[in-house]
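File shown: run35.txt. Contents: compact mmCIF, C-alpha atoms.
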# COMPACT_ATOMS: atom_id res chain seq x y z
CA MET A 9 114.06 -85.08 -73.85
CA SER A 10 114.60 -82.13 -71.58
CA LYS A 11 114.58 -78.68 -73.18
CA GLY A 12 116.25 -76.88 -70.24
CA VAL A 13 119.78 -75.56 -69.83
CA THR A 14 122.14 -77.30 -67.45
CA LEU A 15 124.15 -75.51 -64.81
CA LEU A 16 127.37 -76.55 -66.55
CA GLU A 17 126.28 -74.86 -69.78
CA ILE A 18 125.48 -71.62 -67.95
CA ILE A 19 128.88 -71.68 -66.19
CA VAL A 20 130.68 -72.21 -69.51
CA VAL A 21 128.83 -69.26 -71.09
CA VAL A 22 129.61 -67.00 -68.10
CA ILE A 23 133.32 -67.96 -68.26
CA ILE A 24 133.47 -67.22 -72.01
CA ILE A 25 131.79 -63.83 -71.50
CA GLY A 26 134.23 -63.08 -68.67
CA ILE A 27 137.23 -63.90 -70.87
CA LEU A 28 135.93 -61.71 -73.70
CA ALA A 29 135.25 -58.83 -71.29
CA SER A 30 138.74 -59.08 -69.77
CA ILE A 31 140.23 -58.83 -73.26
CA GLY A 32 138.06 -55.91 -74.40
CA LEU A 33 137.88 -53.60 -71.37
CA PRO A 34 141.58 -52.58 -71.17
CA GLY A 35 141.51 -51.71 -74.88
CA PHE A 36 138.42 -49.58 -74.31
CA GLY A 37 140.17 -47.67 -71.50
CA ARG A 38 143.22 -46.99 -73.68
CA MET A 39 141.04 -45.82 -76.53
CA GLN A 40 139.15 -43.48 -74.20
CA GLU A 41 142.41 -41.94 -72.93
CA GLU A 42 143.72 -41.51 -76.48
CA THR A 43 140.52 -39.68 -77.34
CA LEU A 44 140.99 -37.38 -74.34
CA ASN A 45 144.56 -36.68 -75.46
CA LYS A 46 143.31 -35.76 -78.93
CA GLU A 47 140.70 -33.47 -77.37
CA ALA A 48 143.40 -31.60 -75.44
CA TYR A 49 145.68 -31.25 -78.45
CA SER A 50 142.77 -30.09 -80.62
CA ASN A 51 141.78 -27.45 -78.07
CA LEU A 52 145.40 -26.29 -77.79
CA LYS A 53 145.53 -25.84 -81.55
CA LEU A 54 142.26 -23.91 -81.36
CA ILE A 55 143.70 -21.66 -78.62
CA GLN A 56 146.82 -21.16 -80.70
CA GLU A 57 144.86 -20.08 -83.77
CA ALA A 58 142.67 -17.80 -81.65
CA GLU A 59 145.86 -16.20 -80.28
CA ARG A 60 147.09 -15.61 -83.81
CA LEU A 61 143.84 -13.91 -84.75
CA TYR A 62 143.94 -11.85 -81.54
CA THR A 63 147.48 -10.67 -82.24
CA LEU A 64 146.53 -9.67 -85.78
CA GLU A 65 143.60 -7.64 -84.49
CA ALA A 66 145.51 -6.18 -81.53
CA ASP A 67 148.60 -4.95 -83.41
CA HIS A 68 150.80 -7.98 -82.59
CA LYS A 69 150.20 -7.94 -78.84
CA TYR A 70 149.15 -11.05 -76.97
CA PRO A 71 146.07 -10.99 -74.76
CA PRO A 72 146.46 -9.02 -71.54
CA ASP A 73 148.45 -11.08 -69.09
CA PRO A 74 148.10 -10.22 -65.41
CA GLN A 75 150.98 -11.82 -63.52
CA GLY A 76 151.87 -14.84 -65.63
CA PRO A 77 149.79 -17.56 -67.29
CA VAL A 78 146.04 -17.23 -67.47
CA SER A 79 144.12 -20.37 -66.54
CA ASN A 80 140.71 -18.80 -65.94
CA ILE A 81 138.55 -20.34 -68.66
CA ASP A 82 136.15 -17.36 -68.70
CA TYR A 83 139.08 -15.01 -69.28
CA ILE A 84 140.48 -17.21 -72.08
CA ASN A 85 137.06 -17.53 -73.72
CA SER A 86 136.44 -13.79 -73.47
CA TYR A 87 139.72 -12.49 -74.87
CA LEU A 88 140.26 -15.17 -77.48
CA LYS A 89 136.57 -15.39 -78.46
CA LEU A 90 136.43 -19.11 -77.78
CA ASN A 91 133.84 -21.37 -76.24
CA LEU A 92 135.88 -23.89 -74.27
CA SER A 93 133.95 -25.96 -71.74
CA LYS A 94 133.45 -24.40 -68.31
CA ASP A 95 132.05 -27.60 -66.84
CA SER A 96 133.26 -28.34 -63.30
CA ASN A 97 133.82 -31.97 -64.40
CA ALA A 98 136.06 -30.98 -67.32
CA LYS A 99 138.84 -33.42 -68.10
CA TRP A 100 141.38 -30.67 -68.89
CA THR A 101 142.47 -27.32 -67.48
CA TYR A 102 143.96 -24.86 -69.97
CA ALA A 103 146.47 -22.07 -69.45
CA VAL A 104 147.57 -19.40 -71.91
CA TYR A 105 150.92 -17.59 -71.66
CA ASN A 106 151.64 -14.18 -73.17
CA ASN A 107 154.38 -15.56 -75.43
CA GLY A 108 152.27 -17.79 -77.68
CA CYS A 109 152.36 -20.89 -75.51
CA ALA A 110 149.30 -22.81 -74.34
CA GLN A 111 149.15 -25.66 -71.84
CA ALA A 112 146.60 -28.37 -71.10
CA THR A 113 146.75 -30.22 -67.77
CA ARG A 114 144.71 -33.37 -67.17
CA ASN A 115 142.31 -33.18 -64.25
CA GLY A 116 142.68 -36.59 -62.70
CA ALA A 117 145.07 -39.00 -61.13
CA ASP A 118 147.74 -39.00 -63.84
CA ASN A 119 148.07 -35.18 -64.29
CA ARG A 120 149.28 -35.38 -67.89
CA VAL A 121 150.44 -32.09 -69.36
CA PHE A 122 150.49 -31.05 -73.02
CA PHE A 123 152.19 -27.91 -74.31
CA LEU A 124 151.81 -26.22 -77.65
CA ARG A 125 153.70 -23.09 -78.55
CA ILE A 126 154.53 -21.10 -81.63
CA ASP A 127 158.15 -20.62 -82.67
CA LYS A 128 159.46 -17.45 -84.33
CA SER A 129 158.51 -18.73 -87.78
CA GLY A 130 154.92 -19.30 -86.65
CA ASP A 131 155.12 -23.09 -86.68
CA PRO A 132 153.70 -25.10 -83.77
CA ILE A 133 156.06 -26.92 -81.39
CA LYS A 134 154.57 -29.84 -79.46
CA ASP A 135 155.53 -30.66 -75.88
CA GLY A 136 158.28 -28.09 -75.69
CA GLY A 137 157.10 -26.64 -72.43
CA CYS A 138 156.13 -23.09 -71.60
CA PRO A 139 158.57 -20.69 -69.97
Final structure tokens representation of the file:
Amino acid sequence: MSKGVTLLEIIVVVIIIGILASIGLPGFGRMQEETLNKEAYSNLKLIQEAERLYTLEADHKYPPDPQGPVSNIDYINSYLKLNLSKDSNAKWTYAVYNNGCAQATRNGADNRVFFLRIDKSGDPIKDGGCP
């Protein structure tokens, strides 16, 4: 009796592994993108809460706003006392408006955009857009 593996058996194993990989990889990509979306929304909520604290400390005035939305991460971190990633390979770019709205834009091919703003009652509004 031979104790080796035939070429046919190796081909069958490779085909089965290929089928399993083709089923699993697209699901992994979707899960990774959903995680990135949750990261953006979480950071927007963090920015929103930091803005609330800033306005309480600064007599109900939003952070200084030179000429429209602020997207400089150092500026956002400094005024809102945050520690958002400054990595050049960051997946998201954030912008803060002086009316309580924050925006996250995906750095990549799809350019997804998430908005989070506060209405007059102080409740968050998702994906409403920033003026």
Please determine an axis-aligned box that encloses all atoms of segment 32-44 of chain A listed in the file, with 8 Å added on each side, and express its centre and edge lengths in Å to one decimal as AutoDock Vina command-line options.
--center_x 140.8 --center_y -46.6 --center_z -74.3 --size_x 21.8 --size_y 34.5 --size_z 22.2
Sorted per-residue table, segment 16-72 of chain A near segment 86-97 of chain A, closest atoms and distance, 8 Å, all atoms listed in the file, as JSON lines:
{"residue": "A:Asn51", "atom": "CA", "partner": "A:Leu92", "partner_atom": "CA", "distance": 7.9}
{"residue": "A:Ile55", "atom": "CA", "partner": "A:Leu88", "partner_atom": "CA", "distance": 7.4}
{"residue": "A:Ala58", "atom": "CA", "partner": "A:Leu88", "partner_atom": "CA", "distance": 5.5}
{"residue": "A:Glu59", "atom": "CA", "partner": "A:Leu88", "partner_atom": "CA", "distance": 6.3}
{"residue": "A:Tyr62", "atom": "CA", "partner": "A:Leu88", "partner_atom": "CA", "distance": 6.4}
{"residue": "A:Pro71", "atom": "CA", "partner": "A:Tyr87", "partner_atom": "CA", "distance": 6.5}
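As for atom CA of Ala48 of chain A and atom CA of Ala29 of chain A, they are spaced 28.7 Å apart.
In this model, the gap between atom CA of Cys109 of chain A and atom CA of Ser50 of chain A comes to 14.2 Å.
Between atom CA of Glu65 of chain A and atom CA of Lys53 of chain A lies a distance of 18.5 Å.
Nearest to Val104 of chain A of all the residues A:Tyr83, A:Asp118, A:Phe36, A:Val78 is A:Val78, counting only C-alpha atoms.
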- Distance query Ala103 of chain A at most 8 Å, all atoms listed in the file, self and fewer than 4 positions along chain excluded, as a ChimeraX atom specification: /A:77-80,110-112
- Near-Glu47 of chain A list (12 Å; all atoms listed in the file; drop same-chain fewer than 6 positions) as a VMD selection string: chain A and resid 40 to 41 53 to 54 92 to 93 98 to 102 112 to 114 122
Let me see the file: selected residues, C-alpha atoms, as a PDB file, keeping the file's coordinate frame.
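Result saved to selection-v4.pdb:
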ATOM      1  CA  GLN A  40     139.150 -43.480 -74.200  1.00  0.00           C
ATOM      2  CA  GLU A  41     142.410 -41.940 -72.930  1.00  0.00           C
ATOM      3  CA  LYS A  53     145.530 -25.840 -81.550  1.00  0.00           C
ATOM      4  CA  LEU A  54     142.260 -23.910 -81.360  1.00  0.00           C
ATOM      5  CA  LEU A  92     135.880 -23.890 -74.270  1.00  0.00           C
ATOM      6  CA  SER A  93     133.950 -25.960 -71.740  1.00  0.00           C
ATOM      7  CA  ALA A  98     136.060 -30.980 -67.320  1.00  0.00           C
ATOM      8  CA  LYS A  99     138.840 -33.420 -68.100  1.00  0.00           C
ATOM      9  CA  TRP A 100     141.380 -30.670 -68.890  1.00  0.00           C
ATOM     10  CA  THR A 101     142.470 -27.320 -67.480  1.00  0.00           C
ATOM     11  CA  TYR A 102     143.960 -24.860 -69.970  1.00  0.00           C
ATOM     12  CA  ALA A 112     146.600 -28.370 -71.100  1.00  0.00           C
ATOM     13  CA  THR A 113     146.750 -30.220 -67.770  1.00  0.00           C
ATOM     14  CA  ARG A 114     144.710 -33.370 -67.170  1.00  0.00           C
ATOM     15  CA  PHE A 122     150.490 -31.050 -73.020  1.00  0.00           C
TER      16      PHE A 122
END
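For the set A:Val121, A:Asn107, A:Lys11, A:Cys138, the residue with the smallest atom-to-atom gap to Tyr49 of chain A is A:Val121, counting all atoms listed in the file.
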- Task: Measuring atom to atom with all atoms listed in the file, identify which of A:Asp67, A:Gln56, A:Ser30, A:Asn45 is nearest to Asn119 of chain A.
- Result: A:Asn45
As a tab-separated table (two decimals), keeping the file's coordinate frame, could you write out segment 28-57 of chain A once it has been completed with N, CA and C atoms?
chain	number	residue	atom	x	y	z
A	28	LEU	N	136.08	-62.73	-72.67
A	28	LEU	CA	135.93	-61.71	-73.70
A	28	LEU	C	135.93	-60.30	-73.09
A	29	ALA	N	135.27	-60.13	-71.96
A	29	ALA	CA	135.25	-58.83	-71.29
A	29	ALA	C	136.65	-58.43	-70.80
A	30	SER	N	137.39	-59.40	-70.27
A	30	SER	CA	138.74	-59.08	-69.77
A	30	SER	C	139.69	-58.71	-70.91
A	31	ILE	N	139.42	-59.20	-72.10
A	31	ILE	CA	140.23	-58.83	-73.26
A	31	ILE	C	139.83	-57.45	-73.78
A	32	GLY	N	138.54	-57.14	-73.78
A	32	GLY	CA	138.06	-55.91	-74.40
A	32	GLY	C	138.14	-54.67	-73.53
A	33	LEU	N	137.95	-54.78	-72.23
A	33	LEU	CA	137.88	-53.60	-71.37
A	33	LEU	C	139.18	-52.79	-71.31
A	34	PRO	N	140.36	-53.40	-71.18
A	34	PRO	CA	141.58	-52.58	-71.17
A	34	PRO	C	141.77	-51.81	-72.48
A	35	GLY	N	141.42	-52.41	-73.59
A	35	GLY	CA	141.51	-51.71	-74.88
A	35	GLY	C	140.57	-50.53	-74.94
A	36	PHE	N	139.39	-50.68	-74.36
A	36	PHE	CA	138.42	-49.58	-74.31
A	36	PHE	C	138.96	-48.42	-73.49
A	37	GLY	N	139.59	-48.72	-72.35
A	37	GLY	CA	140.17	-47.67	-71.50
A	37	GLY	C	141.28	-46.91	-72.21
A	38	ARG	N	142.14	-47.64	-72.92
A	38	ARG	CA	143.22	-46.99	-73.68
A	38	ARG	C	142.66	-46.10	-74.78
A	39	MET	N	141.65	-46.60	-75.45
A	39	MET	CA	141.04	-45.82	-76.53
A	39	MET	C	140.39	-44.55	-75.98
A	40	GLN	N	139.77	-44.64	-74.83
A	40	GLN	CA	139.15	-43.48	-74.20
A	40	GLN	C	140.21	-42.44	-73.83
A	41	GLU	N	141.34	-42.87	-73.29
A	41	GLU	CA	142.41	-41.94	-72.93
A	41	GLU	C	143.04	-41.30	-74.17
A	42	GLU	N	143.20	-42.07	-75.23
A	42	GLU	CA	143.72	-41.51	-76.48
A	42	GLU	C	142.79	-40.44	-77.03
A	43	THR	N	141.50	-40.66	-76.90
A	43	THR	CA	140.52	-39.68	-77.34
A	43	THR	C	140.62	-38.41	-76.51
A	44	LEU	N	140.82	-38.56	-75.20
A	44	LEU	CA	140.99	-37.38	-74.34
A	44	LEU	C	142.26	-36.61	-74.71
A	45	ASN	N	143.33	-37.34	-75.03
A	45	ASN	CA	144.56	-36.68	-75.46
A	45	ASN	C	144.34	-35.88	-76.74
A	46	LYS	N	143.60	-36.46	-77.68
A	46	LYS	CA	143.31	-35.76	-78.93
A	46	LYS	C	142.45	-34.53	-78.69
A	47	GLU	N	141.54	-34.62	-77.73
A	47	GLU	CA	140.70	-33.47	-77.37
A	47	GLU	C	141.57	-32.33	-76.86
A	48	ALA	N	142.52	-32.64	-75.99
A	48	ALA	CA	143.40	-31.60	-75.44
A	48	ALA	C	144.23	-30.97	-76.54
A	49	TYR	N	144.83	-31.78	-77.39
A	49	TYR	CA	145.68	-31.25	-78.45
A	49	TYR	C	144.86	-30.41	-79.42
A	50	SER	N	143.65	-30.84	-79.73
A	50	SER	CA	142.77	-30.09	-80.62
A	50	SER	C	142.42	-28.73	-80.02
A	51	ASN	N	142.10	-28.72	-78.73
A	51	ASN	CA	141.78	-27.45	-78.07
A	51	ASN	C	143.00	-26.54	-77.98
A	52	LEU	N	144.19	-27.11	-77.80
A	52	LEU	CA	145.40	-26.29	-77.79
A	52	LEU	C	145.63	-25.64	-79.15
A	53	LYS	N	145.39	-26.41	-80.21
A	53	LYS	CA	145.53	-25.84	-81.55
A	53	LYS	C	144.50	-24.74	-81.78
A	54	LEU	N	143.30	-24.93	-81.25
A	54	LEU	CA	142.26	-23.91	-81.36
A	54	LEU	C	142.66	-22.65	-80.60
A	55	ILE	N	143.21	-22.81	-79.41
A	55	ILE	CA	143.70	-21.66	-78.62
A	55	ILE	C	144.81	-20.95	-79.39
A	56	GLN	N	145.70	-21.73	-79.97
A	56	GLN	CA	146.82	-21.16	-80.70
A	56	GLN	C	146.34	-20.32	-81.89
A	57	GLU	N	145.39	-20.84	-82.63
A	57	GLU	CA	144.86	-20.08	-83.77
A	57	GLU	C	144.10	-18.85	-83.31
